[in-house]
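Contents: one structure, followed by commentary.
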Amino acid sequence: MDFVSNQEPQLKRMLEKIGVADPLELFEAIPKKILLPRPIQDDGLSEFEGMRRMEQIAAANTFPSFDNYLGAGSYEHHVPALVHAICSKSEFLTAYTPYQPEASQGMLQSIFEYQSAICALTGMEVSNASVYDGASACAEAALMSLRTQKKRNQILIGETLHPHYRGVVDHYLRSQAVEVLTIPISSDGRLDLEFVKKRISPQTASLLVQSPSFLGVMDEIPRLCVVAKEVGALLILCANPLVYGLYRSAGEAGADIAVGDCQPFGIPMQFGGPYAGYIACKESLVRQLPGRIVGETVDTQGRRGFVLTLQAREQHIRREKATSNICTNQALAALAALVALLWYGKEGVRKLALTNFQRAAYLKQRLKSVKGVSFLSEAPHFNEFVVRFEDPLNQVLARFREKGIEPGLPLERYFSTLNQHLLVAVTETKSKAQLDRYVEVARHG
Amino acid sequence: MKYTESHEWIELSGKIGIVGVTDYAQKELGEIVYVELPEKGRRVSSGEEVAVLESTKAAADIYSPVSGTIVEVNERLKDNAQLINESPQGEGWVFKIALDHLSEWDSLLDEKGYLALVM
């Protein structure tokens, strides 16, 4: 639809109606002293000069030349070229949210396929069209658990949920009459099951835990599920979705709601966002699932088509009683994740996950022979683990950086007791030669 | 049978009231696809939200016409919400409530009063 602005006669009629001679009179409230008397003479750089200047500034960023082992929720993965090719189609790239959704069958179909992919990956029965990010997916899932069990007012959250996610969850729960208990970690880096058994009660609405955890550890989800089920609490499992290529799915582990961030699939790190959060659950919880859900149906002539379904949960219909008033669908980022997933395929996702696991395991194994290096946990991991250096950490970091390696995330900021520890992420982007170099620098400095 | 301004009906049998929504209400909502029922044993006061009706593109709350305790809910609605469309003032009843104060009954609308409201 073209945008046609008002023409002279219409402007004149409007001004007459409100008794204003000149449109500029409408701006008189703006103090004169902050207005420019006339346009600035210097019209800045030309396009060419501007681009040169930007390139110079960008060249000051030497990070791309480093071997990057930073993860902690945002991972360096190869983004298949197909992702950009599909996502830069203007039908997807510039489309605003379809307010007459059924007129946009292509958009609805892409969302439907995304939901199907998330369900297949997580082993859940229903998925929505995505939310902002992994953090808001966690928060929305926590609220879901409170809404389905209105008389319960307690949530247990694992200490190893990503600290940024935890911050968002706390913020969402601040205005709810709910008690939040933090499940501490035991000596092996996994959550303290005895603490859970002791503190869980018929008041517990849900357990919110992350596995692989923020510290890279695969936690004992099936055992936590059993404890949760005993009191009728829900288990919310937050996970890097790539892990499901290798380990059992959230559904198989017994989780009721699966949440996390789609970033590892087809979404570049891009300074922390935008990403897309996934949230999927058992069908019995679908009426509490926030956001948009696309369904498949047939039209009056029996042809396959897609619709927005169960809209009575949503903010444009139920307003203040909607399942959420602070969520939206990250359509473009979710599409990128979908395209990457389809490109890899069922077998490809398994291989990608396996490669991630193997390379992380290789580095961890080789580091075992290095003096002054130890590990937080011998519990199973995926593509991330915590390593402890005996030397002061600032010296270790300087040593690695001198050799063009960013060796991992210092954890003291998040866990004060882990003041000599780095969180190391290894993805398929690291070759054997690079991993060997990491070990050499760790060994000799 | 008595009525409320928010389109519920209530029928009394001893101290137990049977509550549903009026024919007018079901017509306004259109095809009802889901009913969120209250919990048995819940204590409610008159005018309190007790249940939710969902049609394909709207949602409406059901308010309790009187104060009391929910003693029964219409389980058939869980799988067959359309009973409300088919028989709003019969098989499509929503819940039964034990009245705290029979006097509340008198302040509700009679059929004439309700019809005057929706005509």
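Labeling convention for the structure tokens: chains A, B, ... as they appear, residues from 1 per chain, ligands from 1 in order of appearance.
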**Prompt:** What residues in segment 67-251 of chain A get the DSSP label strand (DSSP E or B)? Please answer as a ChimeraX atom specification.
**Reply:** /A:67-68,126-127,131,154-158,179-183,185,191,204-210,217,234-238
Selection from above, C-alpha atoms, as a compact mmCIF listing (two decimals), in the first residue's frame, can you write it?
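Final output, saved to part-v5.txt:
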# COMPACT_ATOMS: atom_id res chain seq x y z
CA ASP A 67 40.92 -17.28 18.26
CA ASN A 68 37.77 -16.81 20.30
CA VAL A 126 3.76 -27.27 21.11
CA SER A 127 5.98 -24.27 20.47
CA VAL A 131 10.06 -14.73 22.08
CA GLN A 154 7.35 -20.79 45.14
CA ILE A 155 9.90 -21.33 42.38
CA LEU A 156 13.27 -23.07 42.70
CA ILE A 157 15.95 -21.75 40.35
CA GLY A 158 19.30 -23.40 39.75
CA GLU A 179 9.19 -16.89 46.81
CA VAL A 180 12.29 -17.67 44.77
CA LEU A 181 14.82 -20.14 46.17
CA THR A 182 18.23 -20.67 44.60
CA ILE A 183 19.41 -24.27 44.29
CA ILE A 185 25.76 -26.22 43.26
CA LEU A 191 22.92 -28.79 41.31
CA THR A 204 6.52 -25.23 44.55
CA ALA A 205 5.16 -24.27 41.15
CA SER A 206 8.30 -25.13 39.20
CA LEU A 207 12.00 -25.84 39.05
CA LEU A 208 13.89 -23.70 36.55
CA VAL A 209 17.25 -25.21 35.68
CA GLN A 210 19.79 -24.98 32.88
CA VAL A 217 27.91 -29.02 33.04
CA LEU A 234 6.69 -28.37 36.67
CA LEU A 235 10.23 -28.69 35.41
CA ILE A 236 11.43 -25.89 33.16
CA LEU A 237 14.59 -26.80 31.28
CA CYS A 238 16.74 -24.08 29.73
**Message:** List as an NGL selection string the protein and nucleic acid residues near Gln330 of chain A, meaning an atom at most 8 Å away when only C-alpha atoms are counted, but skip any in the same chain fewer than 4 places from it.
**Reply:** :A and (129-132 or 275-277 or 334)
Atoms to include: N, CA, C and O atoms. Write the selected residues as a PDB file, in the first residue's frame.
ATOM      1  N   ALA A 129       5.746 -18.942  18.390  1.00  0.00           N
ATOM      2  CA  ALA A 129       6.489 -18.425  17.235  1.00  0.00           C
ATOM      3  C   ALA A 129       7.830 -17.820  17.617  1.00  0.00           C
ATOM      4  O   ALA A 129       8.490 -17.236  16.772  1.00  0.00           O
ATOM      5  N   SER A 130       8.245 -17.965  18.876  1.00  0.00           N
ATOM      6  CA  SER A 130       9.479 -17.435  19.471  1.00  0.00           C
ATOM      7  C   SER A 130       9.177 -16.222  20.348  1.00  0.00           C
ATOM      8  O   SER A 130       8.129 -15.588  20.202  1.00  0.00           O
ATOM      9  N   VAL A 131      10.120 -15.941  21.258  1.00  0.00           N
ATOM     10  CA  VAL A 131      10.059 -14.726  22.082  1.00  0.00           C
ATOM     11  C   VAL A 131      11.378 -13.985  21.919  1.00  0.00           C
ATOM     12  O   VAL A 131      12.193 -14.363  21.086  1.00  0.00           O
ATOM     13  N   TYR A 132      11.582 -12.922  22.697  1.00  0.00           N
ATOM     14  CA  TYR A 132      12.755 -12.065  22.493  1.00  0.00           C
ATOM     15  C   TYR A 132      14.079 -12.828  22.507  1.00  0.00           C
ATOM     16  O   TYR A 132      14.876 -12.725  21.599  1.00  0.00           O
ATOM     17  N   TYR A 275      18.574 -11.885  19.122  1.00  0.00           N
ATOM     18  CA  TYR A 275      18.469 -13.323  18.960  1.00  0.00           C
ATOM     19  C   TYR A 275      16.977 -13.683  18.961  1.00  0.00           C
ATOM     20  O   TYR A 275      16.134 -12.797  18.843  1.00  0.00           O
ATOM     21  N   ALA A 276      16.680 -14.968  19.096  1.00  0.00           N
ATOM     22  CA  ALA A 276      15.293 -15.394  19.263  1.00  0.00           C
ATOM     23  C   ALA A 276      15.255 -16.415  20.395  1.00  0.00           C
ATOM     24  O   ALA A 276      16.093 -17.308  20.443  1.00  0.00           O
ATOM     25  N   GLY A 277      14.318 -16.258  21.305  1.00  0.00           N
ATOM     26  CA  GLY A 277      14.161 -17.241  22.378  1.00  0.00           C
ATOM     27  C   GLY A 277      13.150 -18.279  21.952  1.00  0.00           C
ATOM     28  O   GLY A 277      12.173 -17.963  21.275  1.00  0.00           O
ATOM     29  N   ALA A 334      14.205 -15.968  14.179  1.00  0.00           N
ATOM     30  CA  ALA A 334      13.676 -17.334  14.238  1.00  0.00           C
ATOM     31  C   ALA A 334      13.771 -17.988  12.859  1.00  0.00           C
ATOM     32  O   ALA A 334      14.070 -19.177  12.746  1.00  0.00           O
TER      33      ALA A 334
END
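Within the 8 Å cut-off around segment 34-44 of chain B, using only C-alpha atoms and omitting residues fewer than 3 positions from it on the same chain, the listed residues are Glu48, Val50, Ala51, Val52, Leu53, Glu54, Ser55, Ser64, Ser67, Gly68, Thr69, Ile70, Val71, Glu72, Val73, Leu77, Lys78, Ala81, Val94 and Phe95 of chain B.
The nearest approach to Thr22 of chain B among the residues B:Glu104, B:Glu49, B:Glu86, B:Glu75, with only C-alpha atoms taken into account, belongs to B:Glu86.
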Please report, as a Markdown table, each residue of chain A lying at most 7 Å from chain B, together with the nearest pair of atoms and the separation in Å rounded to one decimal; use only C-alpha atoms, and order rows by chain and ascending residue number.
| residue | atom | partner | partner_atom | distance |
| --- | --- | --- | --- | --- |
| A:Leu310 | CA | B:Thr56 | CA | 6.9 |
| A:Gln311 | CA | B:Lys57 | CA | 6.1 |
| A:Ala312 | CA | B:Ala58 | CA | 5.4 |
| A:Ile317 | CA | B:Ala58 | CA | 6.0 |
| A:Arg318 | CA | B:Ala59 | CA | 6.2 |
For the residues selected in the previous step, produce a file with C-alpha atoms as an mmCIF file, in the first residue's frame.
data_model
loop_
_atom_site.group_PDB
_atom_site.id
_atom_site.type_symbol
_atom_site.label_atom_id
_atom_site.label_comp_id
_atom_site.auth_asym_id
_atom_site.auth_seq_id
_atom_site.Cartn_x
_atom_site.Cartn_y
_atom_site.Cartn_z
ATOM 1 C CA LEU A 310 -5.633 -19.759 20.189
ATOM 2 C CA GLN A 311 -5.570 -15.994 19.962
ATOM 3 C CA ALA A 312 -7.884 -15.563 22.930
ATOM 4 C CA ILE A 317 -7.904 -9.802 22.687
ATOM 5 C CA ARG A 318 -7.637 -10.473 26.391
#
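The coordinates place atom CA of Pro274 of chain A at 16.0 Å from atom CA of Ala72 of chain A.
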**Residue contacts of Gln270 of chain A (12 Å, only C-alpha atoms) excluding same-chain residues fewer than 2 positions away, as a count of residues only** = 14
**Atomic distance atom CA of Phe357 of chain A - atom CA of Val424 of chain A, expressed in Å with one decimal** = 12.5 Å
**Request:** Would you list, as a PyMOL selection string, the residues of segment 121-338 of chain A that end up in alpha helix (DSSP H) under DSSP run on this structure's backbone?
**Result:** chain A and resi 121-122+134-148+163-173+193-199+221-230+250-253+315-318+331-338
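In this structure, atom CA of Leu224 of chain A sits 8.0 Å away from atom CA of Val196 of chain A.
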Gln365 of chain A environment, 12 Å, only C-alpha atoms, sequence neighbours closer than 2 positions dropped, as an mmCIF file with C-alpha atoms, in the first residue's frame:
data_model
loop_
_atom_site.group_PDB
_atom_site.id
_atom_site.type_symbol
_atom_site.label_atom_id
_atom_site.label_comp_id
_atom_site.auth_asym_id
_atom_site.auth_seq_id
_atom_site.Cartn_x
_atom_site.Cartn_y
_atom_site.Cartn_z
ATOM 1 C CA PHE A 357 31.321 -32.039 21.932
ATOM 2 C CA GLN A 358 34.388 -33.793 20.534
ATOM 3 C CA ARG A 359 36.436 -30.643 20.062
ATOM 4 C CA ALA A 360 35.610 -29.381 23.550
ATOM 5 C CA ALA A 361 36.451 -32.830 24.937
ATOM 6 C CA TYR A 362 39.733 -32.883 22.995
ATOM 7 C CA LEU A 363 40.844 -29.549 24.440
ATOM 8 C CA LEU A 367 44.772 -29.586 29.059
ATOM 9 C CA LYS A 368 44.799 -32.306 31.718
ATOM 10 C CA SER A 369 48.482 -32.856 31.027
ATOM 11 C CA VAL A 370 49.315 -29.184 31.601
ATOM 12 C CA VAL A 373 45.685 -26.345 35.118
ATOM 13 C CA SER A 374 42.720 -28.131 36.721
ATOM 14 C CA PHE A 375 38.985 -28.443 36.210
ATOM 15 C CA GLU A 378 34.436 -34.022 36.000
ATOM 16 C CA PHE A 385 33.776 -26.266 30.478
ATOM 17 C CA VAL A 387 39.213 -24.473 33.690
ATOM 18 C CA LEU A 435 43.212 -26.269 19.927
ATOM 19 C CA ASP A 436 46.797 -27.537 20.060
ATOM 20 C CA VAL A 439 47.388 -26.070 24.920
#
